[in-house]
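These notes are about the structure you will find just below.
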Amino acid sequence: MIDNEVANLRISPSGLMDIANAAIYLGISIVAVRNLRRFKKLPFCKIAGRVMVKQKDIDAYIEQQTESVA
């Protein structure tokens, strides 16, 4: 089911996605994405009242969370 959700992922031409699509992209729950936003771990903007996240910010968050193997 996850593969089908990823295939239907909606990202705007400017690289913005809503919270639901950000959750799919990250493979976590919507609540977890909201918590990342609330605790200022993931930048966001509001457009027409909708919370949107940039794909590049999600990718940067992933890079920050990636641990290198020594």
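The chains in the structure tokens are called A, B, ... from first to last as shown; in each chain the residues are counted from 1, and the ligands are counted from 1 in the order shown.
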Which residues come within 10 Å of stretch 33-49 of chain A, counting only C-alpha atoms, excluding same-chain residues fewer than 6 positions away, as a ChimeraX atom specification? /A:16-24,26-27,57-58,60-61
Output N, CA and C atoms of each residue in that selection to a file, as a compact mmCIF listing (two decimals), in the first residue's frame.
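Saved to result.txt:
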```
# COMPACT_ATOMS: atom_id res chain seq x y z
N LEU A 16 6.48 22.23 -3.30
CA LEU A 16 5.69 22.26 -2.06
C LEU A 16 4.77 21.07 -1.97
N MET A 17 4.57 20.61 -0.74
CA MET A 17 3.59 19.55 -0.50
C MET A 17 2.88 19.82 0.82
N ASP A 18 1.67 19.30 0.93
CA ASP A 18 0.94 19.48 2.18
C ASP A 18 1.43 18.46 3.21
N ILE A 19 0.88 18.56 4.41
CA ILE A 19 1.32 17.70 5.52
C ILE A 19 1.09 16.22 5.20
N ALA A 20 -0.04 15.89 4.60
CA ALA A 20 -0.34 14.48 4.29
C ALA A 20 0.68 13.91 3.31
N ASN A 21 1.02 14.68 2.29
CA ASN A 21 2.01 14.20 1.32
C ASN A 21 3.41 14.18 1.92
N ALA A 22 3.71 15.11 2.80
CA ALA A 22 5.00 15.11 3.50
C ALA A 22 5.12 13.84 4.35
N ALA A 23 4.03 13.45 4.98
CA ALA A 23 4.03 12.22 5.79
C ALA A 23 4.31 11.00 4.92
N ILE A 24 3.68 10.94 3.77
CA ILE A 24 3.92 9.83 2.85
C ILE A 24 5.37 9.84 2.39
N LEU A 26 7.99 11.01 3.86
CA LEU A 26 8.87 10.61 4.95
C LEU A 26 8.60 9.20 5.46
N GLY A 27 7.44 8.66 5.16
CA GLY A 27 7.08 7.33 5.65
C GLY A 27 6.69 7.33 7.11
N ASP A 57 13.36 21.10 2.00
CA ASP A 57 13.49 21.15 3.45
C ASP A 57 13.35 19.76 4.07
N ILE A 58 12.48 18.95 3.49
CA ILE A 58 12.34 17.57 3.97
C ILE A 58 13.63 16.80 3.70
N ALA A 60 16.61 18.04 3.41
CA ALA A 60 17.63 18.55 4.32
C ALA A 60 17.44 17.94 5.71
N TYR A 61 16.20 17.81 6.16
CA TYR A 61 15.91 17.19 7.46
C TYR A 61 16.42 15.75 7.47
```
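Between atom CA of A:Glu63 and atom CA of A:Arg50 lies a distance of 25.6 Å.
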With distances taken over only C-alpha atoms, which of A:Val69, A:Gly15, A:Tyr25, A:Val31 is nearest to A:Lys56? A:Gly15
Based on the backbone DSSP call, show me all residues of chain A assigned helix (DSSP H, G or I), as a compact mmCIF listing (two decimals) with N, CA and C atoms, in the first residue's frame.
```txt
# COMPACT_ATOMS: atom_id res chain seq x y z
N ILE A 2 1.99 1.23 0.69
CA ILE A 2 2.87 2.39 0.74
C ILE A 2 3.34 2.74 -0.67
N ASP A 3 3.73 1.74 -1.47
CA ASP A 3 4.20 2.01 -2.83
C ASP A 3 3.14 2.73 -3.65
N ASN A 4 1.88 2.35 -3.48
CA ASN A 4 0.79 3.01 -4.19
C ASN A 4 0.65 4.45 -3.73
N GLU A 5 0.81 4.71 -2.44
CA GLU A 5 0.72 6.06 -1.92
C GLU A 5 1.85 6.93 -2.46
N VAL A 6 3.04 6.39 -2.51
CA VAL A 6 4.19 7.13 -3.02
C VAL A 6 3.99 7.44 -4.50
N ALA A 7 3.42 6.52 -5.23
CA ALA A 7 3.16 6.74 -6.65
C ALA A 7 2.17 7.89 -6.85
N ILE A 19 0.88 18.56 4.41
CA ILE A 19 1.32 17.70 5.52
C ILE A 19 1.09 16.22 5.20
N ALA A 20 -0.04 15.89 4.60
CA ALA A 20 -0.34 14.48 4.29
C ALA A 20 0.68 13.91 3.31
N ASN A 21 1.02 14.68 2.29
CA ASN A 21 2.01 14.20 1.32
C ASN A 21 3.41 14.18 1.92
N ALA A 22 3.71 15.11 2.80
CA ALA A 22 5.00 15.11 3.50
C ALA A 22 5.12 13.84 4.35
N ALA A 23 4.03 13.45 4.98
CA ALA A 23 4.03 12.22 5.79
C ALA A 23 4.31 11.00 4.92
N ILE A 24 3.68 10.94 3.77
CA ILE A 24 3.92 9.83 2.85
C ILE A 24 5.37 9.84 2.39
N TYR A 25 5.87 11.00 2.03
CA TYR A 25 7.25 11.15 1.55
C TYR A 25 8.25 10.67 2.60
N LEU A 26 7.99 11.01 3.86
CA LEU A 26 8.87 10.61 4.95
C LEU A 26 8.60 9.20 5.46
N ILE A 30 0.94 11.54 9.85
CA ILE A 30 0.62 12.97 9.76
C ILE A 30 0.90 13.64 11.11
N VAL A 31 0.54 12.97 12.19
CA VAL A 31 0.79 13.51 13.53
C VAL A 31 2.28 13.72 13.75
N ALA A 32 3.10 12.78 13.30
CA ALA A 32 4.55 12.92 13.46
C ALA A 32 5.07 14.13 12.68
N VAL A 33 4.55 14.37 11.48
CA VAL A 33 4.96 15.55 10.70
C VAL A 33 4.52 16.82 11.42
N ARG A 34 3.32 16.82 11.96
CA ARG A 34 2.85 17.99 12.71
C ARG A 34 3.75 18.24 13.92
N ASN A 35 4.20 17.18 14.57
CA ASN A 35 5.10 17.35 15.72
C ASN A 35 6.45 17.92 15.27
N LEU A 36 6.97 17.47 14.14
CA LEU A 36 8.21 18.03 13.62
C LEU A 36 8.06 19.53 13.37
N ARG A 37 6.92 19.90 12.84
CA ARG A 37 6.64 21.32 12.58
C ARG A 37 6.52 22.08 13.89
N ARG A 38 5.76 21.53 14.82
CA ARG A 38 5.52 22.21 16.10
C ARG A 38 6.81 22.41 16.89
N GLN A 55 9.90 20.30 -0.43
CA GLN A 55 10.59 19.02 -0.56
C GLN A 55 12.06 19.16 -0.19
N LYS A 56 12.69 20.27 -0.57
CA LYS A 56 14.11 20.45 -0.26
C LYS A 56 14.34 20.55 1.25
N ASP A 57 13.36 21.10 2.00
CA ASP A 57 13.49 21.15 3.45
C ASP A 57 13.35 19.76 4.07
N ILE A 58 12.48 18.95 3.49
CA ILE A 58 12.34 17.57 3.97
C ILE A 58 13.63 16.80 3.70
N ASP A 59 14.17 16.98 2.49
CA ASP A 59 15.43 16.30 2.15
C ASP A 59 16.56 16.75 3.07
N ALA A 60 16.61 18.04 3.41
CA ALA A 60 17.63 18.55 4.32
C ALA A 60 17.44 17.94 5.71
N TYR A 61 16.20 17.81 6.16
CA TYR A 61 15.91 17.19 7.46
C TYR A 61 16.42 15.75 7.47
N ILE A 62 16.16 15.03 6.38
CA ILE A 62 16.62 13.64 6.28
C ILE A 62 18.14 13.59 6.39
N GLU A 63 18.82 14.48 5.68
CA GLU A 63 20.29 14.53 5.73
C GLU A 63 20.79 14.81 7.16
N GLN A 64 20.11 15.71 7.86
CA GLN A 64 20.50 16.04 9.25
C GLN A 64 20.34 14.83 10.16
N GLN A 65 19.36 14.00 9.88
CA GLN A 65 19.08 12.85 10.72
C GLN A 65 19.93 11.63 10.37
```
Let's see if you can do this: from backbone DSSP, list all strand (DSSP E or B) residues in stretch 24-57 of chain A, as a PyMOL selection string. chain A and resi 45-47+50-54
